[in-house]
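One file, data.cif, carrying mmCIF, C-alpha atoms:
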```
data_my_file
loop_
_atom_site.label_atom_id
_atom_site.label_comp_id
_atom_site.auth_asym_id
_atom_site.auth_seq_id
_atom_site.Cartn_x
_atom_site.Cartn_y
_atom_site.Cartn_z
CA MET K 1 128.63 147.46 -69.25
CA ASN K 2 129.57 149.10 -65.94
CA PHE K 3 132.22 148.21 -63.39
CA GLU K 4 129.92 146.14 -61.17
CA GLN K 5 128.71 144.07 -64.13
CA ALA K 6 132.31 143.53 -65.25
CA LYS K 7 133.31 142.45 -61.73
CA THR K 8 130.46 139.94 -61.59
CA LEU K 9 131.38 138.61 -65.02
CA THR K 10 135.06 138.20 -64.19
CA GLY K 11 134.15 136.36 -60.98
CA LYS K 12 132.12 133.85 -62.99
CA LEU K 13 134.85 133.65 -65.62
CA THR K 14 137.48 132.83 -63.00
CA MET K 15 135.31 130.06 -61.56
CA HIS K 16 134.60 128.62 -65.03
CA VAL K 17 138.27 128.63 -66.03
CA TRP K 18 139.37 126.78 -62.89
CA MET K 19 136.53 124.27 -63.23
CA THR K 20 137.47 123.50 -66.83
CA ARG K 21 141.13 123.12 -65.87
CA VAL K 22 140.13 120.56 -63.24
CA LEU K 23 137.89 118.78 -65.77
CA ARG K 24 140.72 118.67 -68.33
CA ALA K 25 143.07 117.22 -65.73
CA LEU K 26 140.53 114.55 -64.78
CA LEU K 27 139.95 113.60 -68.41
CA LEU K 28 143.70 113.37 -69.08
CA VAL K 29 144.24 111.23 -66.01
CA GLY K 30 141.31 109.05 -67.07
CA ILE K 31 142.68 108.58 -70.58
CA MET K 32 146.20 107.77 -69.38
CA ALA K 33 145.08 105.46 -66.56
CA THR K 34 142.60 103.44 -68.62
CA ALA K 35 144.92 103.19 -71.65
CA THR K 36 147.76 102.04 -69.40
CA GLY K 37 145.45 99.52 -67.74
CA ALA K 38 144.33 98.18 -71.10
CA VAL K 39 147.92 97.71 -72.28
CA PHE K 40 149.22 95.99 -69.14
CA ALA K 41 146.08 94.06 -68.09
CA PRO K 42 147.02 90.94 -70.13
CA SER K 43 150.40 90.81 -68.41
CA PHE K 44 148.61 90.30 -65.10
CA GLY K 45 146.15 87.75 -66.44
CA LEU K 46 143.30 90.24 -66.70
CA GLU K 47 142.52 89.80 -70.40
CA ALA K 48 138.79 90.18 -69.76
CA ASP K 49 139.30 93.57 -68.10
CA ALA K 50 141.40 94.91 -70.99
CA ASP K 51 138.31 95.43 -73.14
CA HIS K 52 136.66 97.39 -70.32
CA PHE K 53 139.74 99.57 -69.98
CA TRP K 54 139.79 100.25 -73.73
CA THR K 55 136.08 101.16 -73.65
CA MET K 56 136.66 103.62 -70.83
CA ALA K 57 139.71 105.11 -72.58
CA ILE K 58 137.66 105.64 -75.75
CA PHE K 59 134.90 107.22 -73.65
CA PHE K 60 137.29 109.69 -72.01
CA ALA K 61 138.99 110.52 -75.33
CA GLY K 62 135.63 110.92 -77.08
CA SER K 63 134.41 113.23 -74.31
CA TRP K 64 137.55 115.34 -74.76
CA MET K 65 136.97 115.61 -78.53
CA VAL K 66 133.26 116.47 -78.23
CA LEU K 67 133.86 119.12 -75.57
CA SER K 68 136.72 120.60 -77.61
CA ILE K 69 134.52 120.84 -80.71
CA LEU K 70 131.84 122.63 -78.70
CA GLY K 71 134.49 125.10 -77.57
CA TYR K 72 135.38 126.08 -81.13
CA ARG K 73 131.90 127.59 -81.46
CA GLN K 74 132.89 130.03 -78.74
CA ILE K 75 135.98 131.13 -80.66
CA LYS K 76 133.81 131.60 -83.76
CA THR K 77 131.43 133.78 -81.74
CA ALA K 78 134.32 135.90 -80.45
CA ASN K 79 135.61 136.40 -83.99
CA GLN K 80 132.15 137.35 -85.25
CA ALA K 81 131.79 139.85 -82.43
CA ALA K 82 135.12 141.39 -83.50
CA ILE K 83 133.50 142.15 -86.86
CA TYR K 84 130.62 143.87 -85.06
CA ILE K 85 133.16 145.97 -83.16
CA THR K 86 134.90 147.17 -86.33
CA THR K 87 131.53 148.10 -87.87
CA GLY K 88 130.42 150.02 -84.79
CA ARG K 89 127.70 147.58 -83.66
CA LEU K 90 128.87 147.57 -80.07
CA ASP K 91 125.48 146.55 -78.68
CA LEU K 92 125.42 143.34 -80.72
CA ALA K 93 129.07 142.66 -79.95
CA GLU K 94 128.50 143.05 -76.21
CA THR K 95 125.53 140.68 -76.19
CA GLN K 96 127.39 137.98 -78.11
CA LEU K 97 130.54 138.32 -76.06
CA ARG K 98 128.77 138.13 -72.71
CA ASP K 99 127.22 134.82 -73.81
CA ALA K 100 130.55 133.58 -75.14
CA VAL K 101 132.41 134.40 -71.92
CA LEU K 102 129.94 132.40 -69.83
CA ALA K 103 129.46 129.51 -72.27
CA PHE K 104 131.17 126.19 -71.54
CA ASN K 105 134.57 125.62 -73.11
CA LEU K 106 137.05 122.88 -72.25
CA HIS K 107 139.90 125.20 -73.24
CA PRO K 108 140.10 128.69 -71.66
CA ARG K 109 141.48 130.34 -74.80
CA GLY K 110 138.02 130.89 -76.31
CA LYS K 111 136.68 132.43 -73.11
CA LEU K 112 139.67 134.74 -72.75
CA MET K 113 139.44 135.83 -76.39
CA ALA K 114 135.78 136.71 -75.86
CA CYS K 115 136.66 138.56 -72.64
CA HIS K 116 139.39 140.53 -74.43
CA ASN K 117 136.97 141.57 -77.16
CA LEU K 118 134.44 142.54 -74.49
CA ALA K 119 137.10 144.75 -72.87
CA VAL K 120 137.61 146.44 -76.25
CA VAL K 121 133.85 147.06 -76.44
CA ALA K 122 133.80 148.54 -72.94
CA HIS K 123 136.79 150.76 -73.79
CA ASN K 124 135.07 152.01 -76.94
CA GLN K 125 131.97 152.76 -74.83
CA LYS K 126 134.25 154.74 -72.48
CA ASP K 127 133.50 152.37 -69.58
CA PHE K 128 137.17 152.46 -68.66
CA MET K 129 136.95 150.88 -65.21
CA ALA K 130 134.87 148.01 -66.60
CA ALA K 131 137.40 147.46 -69.38
CA ALA K 132 140.24 147.57 -66.84
CA GLU K 133 138.54 144.93 -64.68
CA LEU K 134 138.15 142.61 -67.67
CA CYS K 135 141.79 143.11 -68.69
CA ARG K 136 143.03 142.33 -65.18
CA ALA K 137 141.11 139.06 -65.21
CA ILE K 138 142.65 138.05 -68.54
CA VAL K 139 146.18 138.82 -67.35
CA GLN K 140 145.64 136.78 -64.17
CA LEU K 141 144.03 133.78 -65.90
CA SER K 142 146.12 133.53 -69.08
CA GLY K 143 148.91 131.03 -69.38
CA ARG K 144 152.25 131.29 -71.12
CA SER K 145 150.73 130.22 -74.43
CA LEU K 146 148.63 133.41 -74.57
CA THR K 147 151.51 135.89 -74.37
CA GLU K 148 150.30 138.04 -77.26
CA MET K 149 146.81 138.40 -75.78
CA VAL K 150 148.26 139.25 -72.37
CA ASN K 151 150.49 141.92 -73.91
CA LEU K 152 147.54 143.50 -75.69
CA CYS K 153 145.51 143.41 -72.48
CA ARG K 154 148.30 145.08 -70.52
CA ILE K 155 148.42 147.90 -73.07
CA LEU K 156 144.62 148.28 -73.03
CA LEU K 157 144.60 148.15 -69.22
CA ALA K 158 147.22 150.91 -69.03
CA ASP K 159 145.26 153.07 -71.46
CA CYS K 160 142.08 152.64 -69.38
CA LEU K 161 143.92 153.57 -66.18
CA LEU K 162 145.43 156.66 -67.83
CA GLN K 163 141.93 157.74 -68.83
CA VAL K 164 140.92 157.77 -65.16
CA GLN K 165 144.17 159.43 -64.02
CA GLN K 166 145.67 156.35 -62.32
CA VAL K 167 149.16 156.95 -63.66
CA GLU K 168 151.11 154.73 -61.26
CA ALA K 169 148.78 151.77 -61.86
CA ALA K 170 149.01 152.31 -65.62
CA ASP K 171 152.80 152.37 -65.46
CA ALA K 172 152.80 149.16 -63.37
CA ALA K 173 150.57 147.46 -65.94
CA ILE K 174 153.08 147.97 -68.77
CA GLN K 175 156.22 147.42 -66.69
CA PRO K 176 156.65 143.79 -67.89
CA LEU K 177 156.42 145.03 -71.48
CA ARG K 178 159.14 147.61 -70.91
CA GLN K 179 161.46 144.85 -69.72
CA GLU K 180 160.74 142.77 -72.84
CA ALA K 181 160.51 145.62 -75.34
CA ASN K 182 162.99 144.04 -77.75
CA THR K 183 160.93 140.85 -78.02
CA LEU K 184 157.62 142.57 -78.77
CA SER K 185 156.23 142.52 -82.29
CA LEU K 186 156.20 145.79 -84.21
CA ASP K 187 152.41 146.05 -83.83
CA GLN K 188 152.70 145.76 -80.07
CA GLN K 189 155.56 148.27 -79.94
CA LEU K 190 153.43 150.76 -81.85
CA LEU K 191 150.47 150.25 -79.51
CA LEU K 192 152.73 150.58 -76.49
CA LEU K 193 154.55 153.75 -77.56
CA PRO K 194 151.88 156.41 -76.83
CA ILE K 195 150.94 154.70 -73.56
CA GLN K 196 154.58 154.53 -72.45
CA LEU K 197 155.21 158.17 -73.35
CA GLN K 198 152.12 159.33 -71.48
CA CYS K 199 153.10 157.36 -68.38
CA ASP K 200 156.66 158.68 -68.38
CA ALA K 201 155.55 162.25 -69.04
CA ALA K 202 152.88 162.14 -66.34
CA ARG K 203 155.49 160.88 -63.85
CA GLY K 204 157.83 163.70 -64.82
CA ALA K 205 160.39 161.21 -66.15
CA PHE K 206 161.22 163.39 -69.14
CA GLN K 207 164.62 161.81 -69.77
CA SER K 208 162.88 158.45 -70.17
CA VAL K 209 160.50 160.06 -72.65
CA ILE K 210 163.31 161.05 -75.00
CA ASP K 211 165.56 158.01 -74.51
CA ASP K 212 166.23 156.45 -77.91
CA LEU K 213 164.57 159.48 -79.52
CA PRO K 214 165.24 158.58 -83.19
CA SER K 215 163.64 155.17 -82.79
CA LYS K 216 160.60 156.61 -81.04
CA MET K 217 160.16 159.17 -83.79
CA ARG K 218 160.30 156.47 -86.47
CA HIS K 219 157.69 154.41 -84.64
CA ALA K 220 155.49 157.44 -84.03
CA GLU K 221 155.45 158.16 -87.74
CA MET K 222 153.85 154.73 -88.34
CA LEU K 223 150.85 155.53 -86.15
CA ASP K 224 147.58 157.10 -87.25
CA ALA K 225 147.57 160.90 -87.36
CA PRO K 226 146.09 161.66 -83.89
CA LYS K 227 148.43 159.25 -82.08
CA ALA K 228 151.42 160.34 -84.17
CA GLY K 229 150.65 163.96 -83.25
CA LEU K 230 150.30 163.05 -79.57
CA CYS K 231 153.62 161.18 -79.50
CA HIS K 232 155.50 164.01 -81.17
CA ALA K 233 153.86 166.51 -78.83
CA LEU K 234 154.92 164.51 -75.76
CA LEU K 235 158.46 164.24 -77.10
CA ALA K 236 158.47 167.99 -77.75
CA LYS K 237 157.26 168.74 -74.22
CA ALA K 238 159.94 166.51 -72.73
CA CYS K 239 162.63 168.27 -74.76
CA GLU K 240 161.33 171.62 -73.56
CA LYS K 241 161.54 170.45 -69.93
CA LEU K 242 165.13 169.35 -70.50
CA ASN K 243 166.09 172.63 -72.23
CA ARG K 244 166.65 171.01 -75.61
CA GLY K 245 165.10 173.83 -77.56
CA THR K 246 166.12 172.82 -81.09
CA GLU K 247 164.66 169.33 -80.86
CA ALA K 248 161.57 170.69 -79.06
CA ALA K 249 160.84 173.15 -81.86
CA PHE K 250 161.27 170.48 -84.54
CA LEU K 251 159.07 167.97 -82.73
CA ARG K 252 156.42 170.58 -82.02
CA GLU K 253 156.24 171.44 -85.70
CA ARG K 254 155.95 167.74 -86.59
CA ALA K 255 153.16 167.29 -84.06
CA GLU K 256 151.18 170.18 -85.53
CA LEU K 257 151.56 168.71 -89.01
CA TYR K 258 150.06 165.41 -87.92
CA HIS K 259 147.16 166.66 -85.85
CA ASP K 260 145.69 169.70 -84.14
CA ILE K 261 147.43 169.60 -80.78
CA ASP K 262 146.70 171.94 -77.89
CA PHE K 263 150.02 171.80 -76.08
CA ASP K 264 148.58 173.56 -73.05
CA GLU K 265 145.97 170.79 -72.72
CA LEU K 266 148.52 167.97 -72.53
CA LYS K 267 148.19 166.31 -69.13
CA ILE K 268 151.81 166.68 -68.07
CA PRO K 269 152.54 167.99 -64.58
CA LEU K 270 155.10 170.72 -64.03
CA ALA K 271 157.48 168.21 -62.48
CA SER K 272 161.20 168.44 -62.09
CA PRO K 273 163.15 166.33 -64.57
CA THR K 274 164.22 162.93 -63.31
CA SER K 275 166.79 160.57 -64.72
CA ASN K 276 165.54 157.02 -65.35
#
```
Take the structure I supplied and represent it as structure tokens, if you would.
Amino acid sequence: MNFEQAKTLTGKLTMHVWMTRVLRALLLVGIMATATGAVFAPSFGLEADADHFWTMAIFFAGSWMVLSILGYRQIKTANQAAIYITTGRLDLAETQLRDAVLAFNLHPRGKLMACHNLAVVAHNQKDFMAAAELCRAIVQLSGRSLTEMVNLCRILLADCLLQVQQVEAADAAIQPLRQEANTLSLDQQLLLLPIQLQCDAARGAFQSVIDDLPSKMRHAEMLDAPKAGLCHALLAKACEKLNRGTEAAFLRERAELYHDIDFDELKIPLASPTSN
């Protein structure tokens, strides 16, 4: 998937989501109006019309149930595609997820789950701009009930933007997560840590990199070896920039234990330290 394909897909997704929201609103209004009419019709001498109101209410409620059941198939498809992703079958995952994103669903959750998984596929295929476009659409279309998905998409979006050297945009993507860091789950904190450190280091905000250093070290040690090595290397570089030689040497040694790190290859500009 390339950027243009992702842009076309997100345009259709946006239209579908708004259409289904309108349809849901109409069905709810229909159910409430006809049920209310059926209850109060006898009070106004309209006993004969009460049965018609009940029939219409059952029709609207039945339509809601049938359309909701059809939507669960979309969630099942998204979950199955996630299995394909973990087993490396990205081609099959992409095909299924494209269909799932564009399939009808009364509730947007299934579509957004499929779109999120498709963004993961695009990221794994190194189509970073396509993945970023999909993540932006999810963040814009998701409601408050999908906070966890939005958080994951913000982290993935920031990672994609870092890959294409858009540091300021990446930092803006995770800014809401920084403000709510204490409320994030541990899994999300671990995913956020290397992204946050890279953003701060690339901006030259080395004091921000080492703020709460013991906690960041503990979290870094929970990551897989390459990411743990990267985090320790970024912390070491920040300490070097701030003339904290003892900590820098210790962190550098830890980084080398976790993973082969080329410190000269780290994409950190020779910026002056800033205090954030």
Expected residue set, 12 Å radius at (153.5, 159.0, -73.0), only C-alpha atoms, as a ChimeraX atom specification: /K:158-159,162,167,170-171,174,191-210,216,220,227-238,266-268
Selection near segment 69-72 of chain K, 7 Å with all atoms listed in the file, sequence-local residues under 5 positions removed, as a VMD selection string: chain K and resid 104 to 107 110
For Lys111 of chain K, the nearest of the candidates K:Arg89, K:His259, K:Arg98, K:Arg254, counting only C-alpha atoms: K:Arg98
Selection: 10 Å around Ala6 of chain K, only C-alpha atoms, excl. self and same-chain fewer than 4 positions, as JSON, numbers by chain: {"K": [1, 2, 10, 11, 12, 98, 115, 118, 119, 122, 127, 129, 130, 131, 132, 133, 134, 137]}
Selection dump of the PyMOL selection byres ((chain K and resi 97) around 12), as a PyMOL selection string: chain K and resi 1+9+74-85+90-96+98-103+110-122
d(atom CA of Ser215 of chain K, atom CA of Phe250 of chain K) in Å: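 For atom CA of Ser215 of chain K relative to atom CA of Phe250 of chain K, the distance reads 15.6 Å.
Counting from atom CA of Ala169 of chain K, the distance to atom CA of Thr183 of chain K is 23.0 Å.
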Proximity to Trp18 of chain K - best of K:Thr147, K:Ser142, K:Gln175, K:Gln189, only C-alpha atoms: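 Nearest candidate to Trp18 of chain K out of K:Thr147, K:Ser142, K:Gln175, K:Gln189: K:Ser142.
Separating atom CA of Leu26 of chain K from atom CA of Ala38 of chain K is a distance of 18.0 Å.
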Regenerate segment 174-206 of chain K at the level of N, CA and C atoms and dump it as a PDB file, keeping the file's coordinate frame.
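Writing the result to selection24.pdb gives the following:
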```
ATOM      1  N   ILE K 174     152.221 148.178 -67.599  1.00  0.00           N
ATOM      2  CA  ILE K 174     153.080 147.970 -68.770  1.00  0.00           C
ATOM      3  C   ILE K 174     154.528 147.693 -68.394  1.00  0.00           C
ATOM      4  N   GLN K 175     154.829 147.641 -67.102  1.00  0.00           N
ATOM      5  CA  GLN K 175     156.220 147.420 -66.690  1.00  0.00           C
ATOM      6  C   GLN K 175     156.811 146.136 -67.262  1.00  0.00           C
ATOM      7  N   PRO K 176     156.078 144.998 -67.265  1.00  0.00           N
ATOM      8  CA  PRO K 176     156.650 143.790 -67.890  1.00  0.00           C
ATOM      9  C   PRO K 176     156.954 143.976 -69.370  1.00  0.00           C
ATOM     10  N   LEU K 177     156.187 144.800 -70.055  1.00  0.00           N
ATOM     11  CA  LEU K 177     156.420 145.030 -71.480  1.00  0.00           C
ATOM     12  C   LEU K 177     157.664 145.884 -71.696  1.00  0.00           C
ATOM     13  N   ARG K 178     157.917 146.807 -70.807  1.00  0.00           N
ATOM     14  CA  ARG K 178     159.140 147.610 -70.910  1.00  0.00           C
ATOM     15  C   ARG K 178     160.373 146.708 -70.825  1.00  0.00           C
ATOM     16  N   GLN K 179     160.309 145.735 -69.933  1.00  0.00           N
ATOM     17  CA  GLN K 179     161.460 144.850 -69.720  1.00  0.00           C
ATOM     18  C   GLN K 179     161.680 143.907 -70.902  1.00  0.00           C
ATOM     19  N   GLU K 180     160.637 143.677 -71.699  1.00  0.00           N
ATOM     20  CA  GLU K 180     160.740 142.770 -72.840  1.00  0.00           C
ATOM     21  C   GLU K 180     160.508 143.503 -74.159  1.00  0.00           C
ATOM     22  N   ALA K 181     160.824 144.787 -74.182  1.00  0.00           N
ATOM     23  CA  ALA K 181     160.510 145.620 -75.340  1.00  0.00           C
ATOM     24  C   ALA K 181     161.108 145.079 -76.634  1.00  0.00           C
ATOM     25  N   ASN K 182     162.314 144.514 -76.547  1.00  0.00           N
ATOM     26  CA  ASN K 182     162.990 144.040 -77.750  1.00  0.00           C
ATOM     27  C   ASN K 182     162.349 142.788 -78.342  1.00  0.00           C
ATOM     28  N   THR K 183     161.564 142.082 -77.535  1.00  0.00           N
ATOM     29  CA  THR K 183     160.930 140.850 -78.020  1.00  0.00           C
ATOM     30  C   THR K 183     159.506 141.088 -78.511  1.00  0.00           C
ATOM     31  N   LEU K 184     158.982 142.286 -78.338  1.00  0.00           N
ATOM     32  CA  LEU K 184     157.620 142.570 -78.770  1.00  0.00           C
ATOM     33  C   LEU K 184     157.564 142.691 -80.284  1.00  0.00           C
ATOM     34  N   SER K 185     156.431 142.319 -80.855  1.00  0.00           N
ATOM     35  CA  SER K 185     156.230 142.520 -82.290  1.00  0.00           C
ATOM     36  C   SER K 185     156.111 144.015 -82.575  1.00  0.00           C
ATOM     37  N   LEU K 186     156.281 144.374 -83.837  1.00  0.00           N
ATOM     38  CA  LEU K 186     156.200 145.790 -84.210  1.00  0.00           C
ATOM     39  C   LEU K 186     154.818 146.355 -83.882  1.00  0.00           C
ATOM     40  N   ASP K 187     153.770 145.580 -84.133  1.00  0.00           N
ATOM     41  CA  ASP K 187     152.410 146.050 -83.830  1.00  0.00           C
ATOM     42  C   ASP K 187     152.270 146.384 -82.352  1.00  0.00           C
ATOM     43  N   GLN K 188     152.805 145.515 -81.500  1.00  0.00           N
ATOM     44  CA  GLN K 188     152.700 145.760 -80.070  1.00  0.00           C
ATOM     45  C   GLN K 188     153.551 146.950 -79.643  1.00  0.00           C
ATOM     46  N   GLN K 189     154.715 147.111 -80.257  1.00  0.00           N
ATOM     47  CA  GLN K 189     155.560 148.270 -79.940  1.00  0.00           C
ATOM     48  C   GLN K 189     154.848 149.570 -80.301  1.00  0.00           C
ATOM     49  N   LEU K 190     154.140 149.559 -81.429  1.00  0.00           N
ATOM     50  CA  LEU K 190     153.430 150.760 -81.850  1.00  0.00           C
ATOM     51  C   LEU K 190     152.265 151.071 -80.912  1.00  0.00           C
ATOM     52  N   LEU K 191     151.563 150.033 -80.462  1.00  0.00           N
ATOM     53  CA  LEU K 191     150.470 150.250 -79.510  1.00  0.00           C
ATOM     54  C   LEU K 191     150.996 150.747 -78.170  1.00  0.00           C
ATOM     55  N   LEU K 192     152.160 150.234 -77.788  1.00  0.00           N
ATOM     56  CA  LEU K 192     152.730 150.580 -76.490  1.00  0.00           C
ATOM     57  C   LEU K 192     153.277 152.001 -76.447  1.00  0.00           C
ATOM     58  N   LEU K 193     153.815 152.492 -77.551  1.00  0.00           N
ATOM     59  CA  LEU K 193     154.550 153.750 -77.560  1.00  0.00           C
ATOM     60  C   LEU K 193     153.775 154.922 -76.946  1.00  0.00           C
ATOM     61  N   PRO K 194     152.567 155.258 -77.424  1.00  0.00           N
ATOM     62  CA  PRO K 194     151.880 156.410 -76.830  1.00  0.00           C
ATOM     63  C   PRO K 194     151.535 156.217 -75.365  1.00  0.00           C
ATOM     64  N   ILE K 195     151.239 154.975 -74.968  1.00  0.00           N
ATOM     65  CA  ILE K 195     150.940 154.700 -73.560  1.00  0.00           C
ATOM     66  C   ILE K 195     152.193 154.918 -72.714  1.00  0.00           C
ATOM     67  N   GLN K 196     153.312 154.398 -73.188  1.00  0.00           N
ATOM     68  CA  GLN K 196     154.580 154.530 -72.450  1.00  0.00           C
ATOM     69  C   GLN K 196     154.965 156.001 -72.321  1.00  0.00           C
ATOM     70  N   LEU K 197     154.846 156.755 -73.397  1.00  0.00           N
ATOM     71  CA  LEU K 197     155.210 158.170 -73.350  1.00  0.00           C
ATOM     72  C   LEU K 197     154.319 158.950 -72.393  1.00  0.00           C
ATOM     73  N   GLN K 198     153.031 158.646 -72.392  1.00  0.00           N
ATOM     74  CA  GLN K 198     152.120 159.330 -71.480  1.00  0.00           C
ATOM     75  C   GLN K 198     152.444 159.017 -70.022  1.00  0.00           C
ATOM     76  N   CYS K 199     152.753 157.742 -69.747  1.00  0.00           N
ATOM     77  CA  CYS K 199     153.100 157.360 -68.380  1.00  0.00           C
ATOM     78  C   CYS K 199     154.373 158.070 -67.917  1.00  0.00           C
ATOM     79  N   ASP K 200     155.399 158.054 -68.756  1.00  0.00           N
ATOM     80  CA  ASP K 200     156.660 158.680 -68.380  1.00  0.00           C
ATOM     81  C   ASP K 200     156.494 160.192 -68.215  1.00  0.00           C
ATOM     82  N   ALA K 201     155.745 160.804 -69.125  1.00  0.00           N
ATOM     83  CA  ALA K 201     155.550 162.250 -69.040  1.00  0.00           C
ATOM     84  C   ALA K 201     154.749 162.624 -67.797  1.00  0.00           C
ATOM     85  N   ALA K 202     153.709 161.841 -67.508  1.00  0.00           N
ATOM     86  CA  ALA K 202     152.880 162.140 -66.340  1.00  0.00           C
ATOM     87  C   ALA K 202     153.653 161.969 -65.039  1.00  0.00           C
ATOM     88  N   ARG K 203     154.649 161.070 -65.044  1.00  0.00           N
ATOM     89  CA  ARG K 203     155.490 160.880 -63.850  1.00  0.00           C
ATOM     90  C   ARG K 203     156.604 161.924 -63.768  1.00  0.00           C
ATOM     91  N   GLY K 204     156.747 162.728 -64.803  1.00  0.00           N
ATOM     92  CA  GLY K 204     157.830 163.700 -64.820  1.00  0.00           C
ATOM     93  C   GLY K 204     159.163 163.114 -65.210  1.00  0.00           C
ATOM     94  N   ALA K 205     159.146 161.880 -65.749  1.00  0.00           N
ATOM     95  CA  ALA K 205     160.390 161.210 -66.150  1.00  0.00           C
ATOM     96  C   ALA K 205     160.711 161.603 -67.594  1.00  0.00           C
ATOM     97  N   PHE K 206     161.061 162.866 -67.794  1.00  0.00           N
ATOM     98  CA  PHE K 206     161.220 163.390 -69.140  1.00  0.00           C
ATOM     99  C   PHE K 206     162.429 162.815 -69.871  1.00  0.00           C
TER     100      PHE K 206
END
```
